[in-house]
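One file, protein-v6.cif, carrying mmCIF, C-alpha atoms:
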data_start
loop_
_atom_site.label_atom_id
_atom_site.label_comp_id
_atom_site.auth_asym_id
_atom_site.auth_seq_id
_atom_site.Cartn_x
_atom_site.Cartn_y
_atom_site.Cartn_z
CA ALA D 1212 -0.90 28.11 -28.62
CA SER D 1213 2.55 26.76 -28.02
CA PRO D 1214 3.62 26.06 -24.43
CA CYS D 1215 6.78 27.98 -25.37
CA ALA D 1216 4.83 31.09 -26.43
CA ALA D 1217 5.26 34.35 -24.59
CA PRO D 1218 3.23 34.50 -21.35
CA ASP D 1219 0.68 36.98 -22.71
CA GLN D 1220 0.00 34.69 -25.73
CA ARG D 1221 -0.69 31.53 -23.73
CA PRO D 1222 -4.22 30.47 -22.92
CA PRO D 1223 -5.02 30.69 -19.21
CA ARG D 1224 -3.88 27.62 -17.27
CA THR D 1225 -6.54 25.48 -15.80
CA ARG D 1226 -5.74 23.03 -13.06
CA PRO D 1227 -7.28 19.61 -13.53
CA PRO D 1228 -9.67 18.76 -10.71
CA THR D 1229 -8.40 16.40 -8.06
CA THR D 1230 -10.14 13.10 -7.43
CA MET D 1231 -11.90 14.50 -4.40
CA GLU D 1232 -13.17 17.45 -6.42
CA LEU D 1233 -14.45 15.15 -9.13
CA GLN D 1234 -16.54 13.12 -6.76
CA SER D 1235 -17.39 14.62 -3.42
CA GLN D 1236 -19.34 11.58 -2.27
CA LEU D 1237 -19.34 7.87 -2.91
CA PRO D 1238 -21.86 6.37 -5.32
CA GLU D 1239 -25.05 5.34 -3.54
CA ASP D 1240 -24.45 1.63 -4.04
CA TYR D 1241 -20.71 1.68 -3.25
CA GLU D 1242 -21.01 0.50 0.34
CA GLU D 1243 -23.50 -2.19 -0.64
CA ARG D 1244 -21.17 -3.45 -3.39
CA MET D 1245 -18.18 -3.51 -1.04
CA LEU D 1246 -20.13 -5.43 1.60
CA ALA D 1247 -21.27 -7.96 -1.04
CA ALA D 1248 -17.67 -8.31 -2.22
CA SER D 1249 -16.52 -8.85 1.37
CA ILE D 1250 -18.97 -11.75 1.69
CA ASP D 1251 -17.63 -13.28 -1.55
CA CYS D 1252 -14.05 -12.84 -0.35
CA ALA D 1253 -14.76 -14.28 3.09
CA ALA D 1254 -16.47 -17.27 1.50
CA GLY D 1255 -13.48 -17.83 -0.78
CA ASP D 1256 -15.68 -17.83 -3.88
CA ALA D 1257 -13.02 -17.94 -6.59
CA THR D 1258 -15.53 -17.13 -9.33
CA LYS D 1259 -16.45 -13.80 -7.71
CA ALA D 1260 -13.50 -13.00 -5.47
CA THR D 1261 -10.34 -11.95 -7.26
CA ALA D 1262 -7.24 -10.87 -5.34
CA THR D 1263 -7.69 -7.27 -6.47
CA ALA D 1264 -11.38 -7.19 -5.51
CA CYS D 1265 -10.63 -8.66 -2.09
CA HIS D 1266 -7.84 -6.12 -1.60
CA MET D 1267 -10.33 -3.35 -2.37
CA VAL D 1268 -12.54 -4.73 0.41
CA GLY D 1269 -9.65 -4.26 2.82
CA GLU D 1270 -9.18 -0.72 1.51
CA PHE D 1271 -12.89 -0.06 2.05
CA PHE D 1272 -12.72 -1.19 5.67
CA THR D 1273 -9.52 0.79 6.25
CA THR D 1274 -10.37 4.10 4.59
CA ILE D 1275 -14.16 4.37 4.52
CA ARG D 1276 -15.33 2.42 7.55
CA ARG D 1277 -12.13 2.77 9.62
CA ASP D 1278 -12.84 -0.76 10.83
CA TYR D 1279 -9.25 -1.92 11.17
CA GLU D 1280 -10.21 -5.28 12.64
CA ALA D 1281 -12.28 -6.11 9.55
CA ALA D 1282 -9.49 -4.73 7.36
CA ARG D 1283 -6.95 -7.03 9.06
CA GLU D 1284 -9.25 -9.95 8.39
CA ALA D 1285 -9.78 -9.06 4.72
CA TYR D 1286 -6.09 -8.40 4.04
CA GLY D 1287 -5.05 -11.50 5.98
CA LYS D 1288 -7.33 -13.82 4.05
CA ASN D 1289 -6.23 -12.29 0.74
CA CYS D 1290 -2.57 -12.55 1.70
CA ASP D 1291 -2.86 -16.13 2.97
CA GLU D 1292 -5.11 -17.54 0.25
CA ARG D 1293 -4.12 -15.53 -2.80
CA ARG D 1294 -0.58 -14.36 -1.91
CA HIS D 1295 -1.58 -10.82 -2.90
CA GLY D 1296 1.47 -8.65 -2.16
CA PRO D 1297 -0.37 -5.36 -1.56
CA SER D 1298 -2.70 -7.07 0.93
CA CYS D 1299 0.23 -8.64 2.79
CA PHE D 1300 1.87 -5.21 2.89
CA ASN D 1301 -1.23 -3.39 4.16
CA LEU D 1302 -1.74 -6.06 6.81
CA GLY D 1303 1.86 -5.55 7.91
CA ARG D 1304 1.25 -1.83 8.25
CA LEU D 1305 -1.85 -2.41 10.39
CA LEU D 1306 0.08 -4.90 12.54
CA ILE D 1307 3.03 -2.62 13.13
CA ALA D 1308 0.76 0.33 13.94
CA GLY D 1309 -1.47 -1.68 16.27
CA LYS D 1310 -4.60 -0.79 14.32
CA GLY D 1311 -7.41 -3.33 14.67
CA GLY D 1312 -5.56 -5.21 17.41
CA ASP D 1313 -2.30 -5.37 19.26
CA ALA D 1314 0.88 -4.10 17.64
CA ASP D 1315 3.07 -7.02 16.58
CA GLU D 1316 6.38 -6.18 14.95
CA ALA D 1317 7.34 -9.82 14.35
CA ALA D 1318 4.03 -10.56 12.60
CA ALA D 1319 4.37 -7.32 10.60
CA SER D 1320 7.85 -8.36 9.51
CA ARG D 1321 6.51 -11.74 8.31
CA ARG D 1322 3.77 -9.99 6.32
CA PHE D 1323 6.26 -7.55 4.78
CA SER D 1324 8.40 -10.55 3.84
CA GLU D 1325 5.40 -12.23 2.19
CA ALA D 1326 4.64 -9.01 0.30
CA CYS D 1327 8.25 -8.79 -0.82
CA ASP D 1328 8.25 -12.44 -1.92
CA ALA D 1329 5.11 -11.69 -3.94
CA GLY D 1330 6.98 -8.92 -5.78
CA HIS D 1331 5.56 -5.91 -3.91
CA GLY D 1332 8.42 -3.39 -3.63
CA PRO D 1333 7.01 -1.41 -0.68
CA GLY D 1334 6.90 -4.67 1.32
CA CYS D 1335 10.61 -5.14 0.64
CA HIS D 1336 11.26 -1.53 1.64
CA PHE D 1337 9.53 -1.86 5.01
CA LEU D 1338 11.18 -5.25 5.60
CA GLY D 1339 14.59 -3.69 4.97
CA LEU D 1340 13.85 -0.78 7.30
CA LEU D 1341 12.74 -3.17 10.05
CA ALA D 1342 15.95 -5.14 9.65
CA LEU D 1343 17.97 -1.94 10.01
CA GLU D 1344 15.93 -0.93 13.05
CA THR D 1345 16.72 -4.23 14.77
CA GLY D 1346 20.46 -3.79 14.12
CA ASP D 1347 20.82 -6.03 11.06
CA ASP D 1348 22.54 -3.39 8.93
CA ALA D 1349 23.95 -5.82 6.36
CA GLY D 1350 20.64 -7.65 5.94
CA GLY D 1351 18.61 -4.46 5.82
CA CYS D 1352 20.86 -2.86 3.21
CA LYS D 1353 20.79 -6.04 1.12
CA ILE D 1354 16.97 -6.09 1.18
CA LEU D 1355 16.73 -2.38 0.35
CA ASP D 1356 19.23 -2.76 -2.49
CA ALA D 1357 17.19 -5.64 -3.93
CA ALA D 1358 13.97 -3.62 -3.50
CA CYS D 1359 15.58 -0.90 -5.58
CA ARG D 1360 17.20 -3.06 -8.24
CA VAL D 1361 14.56 -5.76 -8.66
CA HIS D 1362 11.31 -4.00 -7.77
CA ARG D 1363 12.31 -0.45 -8.74
CA ASP D 1364 10.98 0.80 -5.40
CA ALA D 1365 11.79 4.53 -5.41
CA PRO D 1366 12.04 5.01 -1.61
CA SER D 1367 14.46 2.07 -1.44
CA CYS D 1368 16.54 3.50 -4.28
CA PHE D 1369 16.63 6.86 -2.52
CA PHE D 1370 17.68 5.23 0.74
CA VAL D 1371 20.45 3.15 -0.86
CA GLY D 1372 21.66 6.11 -2.92
CA SER D 1373 21.77 8.43 0.06
CA ARG D 1374 23.77 5.85 2.03
CA LEU D 1375 26.26 5.63 -0.83
CA LEU D 1376 26.64 9.41 -0.93
CA LYS D 1377 27.49 9.76 2.75
CA THR D 1378 31.16 10.37 3.31
CA PRO D 1379 32.95 8.31 5.95
CA GLN D 1380 34.01 10.23 9.04
#

When written as structure tokens, how does the structure in this file appear?
Amino acid sequence: ASPCAAPDQRPPRTRPPTTMELQSQLPEDYEERMLAASIDCAAGDATKATATACHMVGEFFTTIRRDYEAAREAYGKNCDERRHGPSCFNLGRLLIAGKGGDADEAAASRRFSEACDAGHGPGCHFLGLLALETGDDAGGCKILDAACRVHRDAPSCFFVGSRLLKTPQ
């Protein structure tokens, strides 16, 4: 049936299941695999530890275990050794929120900068927002504009666009 057919001629709509509905629990060996991967990442084994795999270890500690200290360690090592933008960004978020240790806005800003330098648009977005928050309007707007234009970061584009639409008073 055509999606443009009259309502009574269309087949009933079915909503695709969400991820959580598809899998209500983790595979039995998931935690074991993540812990093995964390050992490989911590050891710096380049044959087994890719940047993406080590990032997933940080995600595991953050979302499943809620062990933010271990997540900081995993993201930090991945950011420092592999320059993985998403890991630098997630570490910045943990630092600014004070999860897994003390809150440290300056360290978070450095990690957002590293994420941005690695091409991770959300890192640029947060870096720009921090600059604005500290009173560096010109610098913050420049970073957000670059996040939009270069990295196609939608929140940055929205922010820049909404600033352009505001009428002067």

Checklist outcome for this item: Using all atoms listed in the file, the residue out of D:Arg1276, D:Arg1374, D:His1331, D:Arg1322 with shortest distance to D:Asp1291 is D:Arg1322

Next on the checklist: With 12 Å as the threshold, what does the neighbourhood of (-6.9, -7.6, 1.1) contain in terms of residues, counting all atoms listed in the file? Coordinates are those of the file; answer as an MDAnalysis selection string.
Outcome noted: chainID D and resid 1248:1249 1252:1253 1260:1273 1279 1281:1303 1305 1326

Checklist entry - the PyMOL selection byres ((chain D and resi 1337) around 12) on the file shown: which residues, as a PyMOL selection string? => result chain D and resi 1299-1301+1303-1304+1307+1316+1319-1327+1331-1336+1338-1344+1351-1352+1354-1355+1358+1364+1366-1367+1370

If we count all atoms listed in the file, what is near D:Leu1306 at a cut-off of 8 Å, once residues fewer than 6 positions away on the same chain are taken out, given as a PDB file with C-alpha atoms, keeping the file's coordinate frame?
ATOM      1  CA  GLY D1312      -5.560  -5.210  17.410  1.00  0.00           C
ATOM      2  CA  ASP D1313      -2.300  -5.370  19.260  1.00  0.00           C
ATOM      3  CA  ALA D1314       0.880  -4.100  17.640  1.00  0.00           C
ATOM      4  CA  ASP D1315       3.070  -7.020  16.580  1.00  0.00           C
ATOM      5  CA  GLU D1316       6.380  -6.180  14.950  1.00  0.00           C
ATOM      6  CA  ALA D1318       4.030 -10.560  12.600  1.00  0.00           C
ATOM      7  CA  ALA D1319       4.370  -7.320  10.600  1.00  0.00           C
TER       8      ALA D1319
END

Checklist entry - What is the atom CA of D:Asp1347-atom CA of D:Ala1308 distance in Å, reported with one decimal? => result 21.2 Å

Checklist entry - atom CA of D:Arg1363 to atom CA of D:Gly1330: how many Å, to one decimal? => result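 Atom-to-atom, atom CA of D:Arg1363 and atom CA of D:Gly1330 are spaced 10.4 Å apart.
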
Checklist entry - So what do you get for atom CA of D:Ala1349 versus atom CA of D:Leu1375, distance-wise? => result 13.7 Å

Reconstructed N, CA and C atoms for stretch 1248-1279 of chain D, given as a PDB file, keeping the file's coordinate frame:
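Wrote out.pdb, looks like this:
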ATOM      1  N   ALA D1248     -18.987  -7.777  -1.858  1.00  0.00           N
ATOM      2  CA  ALA D1248     -17.670  -8.310  -2.220  1.00  0.00           C
ATOM      3  C   ALA D1248     -16.976  -8.910  -1.010  1.00  0.00           C
ATOM      4  N   SER D1249     -17.167  -8.304   0.164  1.00  0.00           N
ATOM      5  CA  SER D1249     -16.520  -8.850   1.370  1.00  0.00           C
ATOM      6  C   SER D1249     -17.086 -10.223   1.707  1.00  0.00           C
ATOM      7  N   ILE D1250     -18.367 -10.433   1.454  1.00  0.00           N
ATOM      8  CA  ILE D1250     -18.970 -11.750   1.690  1.00  0.00           C
ATOM      9  C   ILE D1250     -18.364 -12.762   0.715  1.00  0.00           C
ATOM     10  N   ASP D1251     -18.230 -12.384  -0.564  1.00  0.00           N
ATOM     11  CA  ASP D1251     -17.630 -13.280  -1.550  1.00  0.00           C
ATOM     12  C   ASP D1251     -16.186 -13.614  -1.169  1.00  0.00           C
ATOM     13  N   CYS D1252     -15.446 -12.612  -0.715  1.00  0.00           N
ATOM     14  CA  CYS D1252     -14.050 -12.840  -0.350  1.00  0.00           C
ATOM     15  C   CYS D1252     -13.940 -13.727   0.880  1.00  0.00           C
ATOM     16  N   ALA D1253     -14.789 -13.472   1.862  1.00  0.00           N
ATOM     17  CA  ALA D1253     -14.760 -14.280   3.090  1.00  0.00           C
ATOM     18  C   ALA D1253     -15.137 -15.726   2.806  1.00  0.00           C
ATOM     19  N   ALA D1254     -16.042 -15.916   1.845  1.00  0.00           N
ATOM     20  CA  ALA D1254     -16.470 -17.270   1.500  1.00  0.00           C
ATOM     21  C   ALA D1254     -15.456 -17.979   0.612  1.00  0.00           C
ATOM     22  N   GLY D1255     -14.496 -17.231   0.080  1.00  0.00           N
ATOM     23  CA  GLY D1255     -13.480 -17.830  -0.780  1.00  0.00           C
ATOM     24  C   GLY D1255     -14.016 -18.210  -2.147  1.00  0.00           C
ATOM     25  N   ASP D1256     -15.068 -17.548  -2.586  1.00  0.00           N
ATOM     26  CA  ASP D1256     -15.680 -17.830  -3.880  1.00  0.00           C
ATOM     27  C   ASP D1256     -14.750 -17.359  -5.000  1.00  0.00           C
ATOM     28  N   ALA D1257     -14.020 -18.288  -5.583  1.00  0.00           N
ATOM     29  CA  ALA D1257     -13.020 -17.940  -6.590  1.00  0.00           C
ATOM     30  C   ALA D1257     -13.639 -17.369  -7.860  1.00  0.00           C
ATOM     31  N   THR D1258     -14.910 -17.663  -8.119  1.00  0.00           N
ATOM     32  CA  THR D1258     -15.530 -17.130  -9.330  1.00  0.00           C
ATOM     33  C   THR D1258     -15.860 -15.656  -9.182  1.00  0.00           C
ATOM     34  N   LYS D1259     -16.092 -15.198  -7.941  1.00  0.00           N
ATOM     35  CA  LYS D1259     -16.450 -13.800  -7.710  1.00  0.00           C
ATOM     36  C   LYS D1259     -15.348 -13.009  -7.032  1.00  0.00           C
ATOM     37  N   ALA D1260     -14.468 -13.693  -6.320  1.00  0.00           N
ATOM     38  CA  ALA D1260     -13.500 -13.000  -5.470  1.00  0.00           C
ATOM     39  C   ALA D1260     -12.090 -13.075  -6.067  1.00  0.00           C
ATOM     40  N   THR D1261     -11.709 -12.018  -6.755  1.00  0.00           N
ATOM     41  CA  THR D1261     -10.340 -11.950  -7.260  1.00  0.00           C
ATOM     42  C   THR D1261      -9.466 -11.298  -6.193  1.00  0.00           C
ATOM     43  N   ALA D1262      -8.172 -11.460  -6.308  1.00  0.00           N
ATOM     44  CA  ALA D1262      -7.240 -10.870  -5.340  1.00  0.00           C
ATOM     45  C   ALA D1262      -7.402  -9.354  -5.286  1.00  0.00           C
ATOM     46  N   THR D1263      -7.557  -8.729  -6.437  1.00  0.00           N
ATOM     47  CA  THR D1263      -7.690  -7.270  -6.470  1.00  0.00           C
ATOM     48  C   THR D1263      -8.998  -6.833  -5.817  1.00  0.00           C
ATOM     49  N   ALA D1264     -10.090  -7.538  -6.104  1.00  0.00           N
ATOM     50  CA  ALA D1264     -11.380  -7.190  -5.510  1.00  0.00           C
ATOM     51  C   ALA D1264     -11.333  -7.358  -3.998  1.00  0.00           C
ATOM     52  N   CYS D1265     -10.713  -8.418  -3.526  1.00  0.00           N
ATOM     53  CA  CYS D1265     -10.630  -8.660  -2.090  1.00  0.00           C
ATOM     54  C   CYS D1265      -9.710  -7.626  -1.423  1.00  0.00           C
ATOM     55  N   HIS D1266      -8.692  -7.186  -2.130  1.00  0.00           N
ATOM     56  CA  HIS D1266      -7.840  -6.120  -1.600  1.00  0.00           C
ATOM     57  C   HIS D1266      -8.650  -4.827  -1.450  1.00  0.00           C
ATOM     58  N   MET D1267      -9.493  -4.557  -2.426  1.00  0.00           N
ATOM     59  CA  MET D1267     -10.330  -3.350  -2.370  1.00  0.00           C
ATOM     60  C   MET D1267     -11.276  -3.403  -1.167  1.00  0.00           C
ATOM     61  N   VAL D1268     -11.706  -4.594  -0.781  1.00  0.00           N
ATOM     62  CA  VAL D1268     -12.540  -4.730   0.410  1.00  0.00           C
ATOM     63  C   VAL D1268     -11.753  -4.277   1.634  1.00  0.00           C
ATOM     64  N   GLY D1269     -10.497  -4.703   1.722  1.00  0.00           N
ATOM     65  CA  GLY D1269      -9.650  -4.260   2.820  1.00  0.00           C
ATOM     66  C   GLY D1269      -9.480  -2.745   2.819  1.00  0.00           C
ATOM     67  N   GLU D1270      -9.301  -2.179   1.635  1.00  0.00           N
ATOM     68  CA  GLU D1270      -9.180  -0.720   1.510  1.00  0.00           C
ATOM     69  C   GLU D1270     -10.465  -0.034   1.976  1.00  0.00           C
ATOM     70  N   PHE D1271     -11.601  -0.606   1.625  1.00  0.00           N
ATOM     71  CA  PHE D1271     -12.890  -0.060   2.050  1.00  0.00           C
ATOM     72  C   PHE D1271     -12.978  -0.026   3.572  1.00  0.00           C
ATOM     73  N   PHE D1272     -12.646  -1.154   4.210  1.00  0.00           N
ATOM     74  CA  PHE D1272     -12.720  -1.190   5.670  1.00  0.00           C
ATOM     75  C   PHE D1272     -11.710  -0.239   6.306  1.00  0.00           C
ATOM     76  N   THR D1273     -10.548  -0.084   5.687  1.00  0.00           N
ATOM     77  CA  THR D1273      -9.520   0.790   6.250  1.00  0.00           C
ATOM     78  C   THR D1273      -9.875   2.262   6.085  1.00  0.00           C
ATOM     79  N   THR D1274     -10.228   2.666   4.876  1.00  0.00           N
ATOM     80  CA  THR D1274     -10.370   4.100   4.590  1.00  0.00           C
ATOM     81  C   THR D1274     -11.780   4.647   4.763  1.00  0.00           C
ATOM     82  N   ILE D1275     -12.787   3.874   4.444  1.00  0.00           N
ATOM     83  CA  ILE D1275     -14.160   4.370   4.520  1.00  0.00           C
ATOM     84  C   ILE D1275     -14.771   4.072   5.886  1.00  0.00           C
ATOM     85  N   ARG D1276     -14.709   2.832   6.292  1.00  0.00           N
ATOM     86  CA  ARG D1276     -15.330   2.420   7.550  1.00  0.00           C
ATOM     87  C   ARG D1276     -14.415   2.648   8.765  1.00  0.00           C
ATOM     88  N   ARG D1277     -13.126   2.699   8.535  1.00  0.00           N
ATOM     89  CA  ARG D1277     -12.130   2.770   9.620  1.00  0.00           C
ATOM     90  C   ARG D1277     -12.316   1.625  10.615  1.00  0.00           C
ATOM     91  N   ASP D1278     -12.675   0.469  10.047  1.00  0.00           N
ATOM     92  CA  ASP D1278     -12.840  -0.760  10.830  1.00  0.00           C
ATOM     93  C   ASP D1278     -11.578  -1.582  10.591  1.00  0.00           C
ATOM     94  N   TYR D1279     -10.562  -1.311  11.388  1.00  0.00           N
ATOM     95  CA  TYR D1279      -9.250  -1.920  11.170  1.00  0.00           C
ATOM     96  C   TYR D1279      -9.241  -3.406  11.476  1.00  0.00           C
TER      97      TYR D1279
END
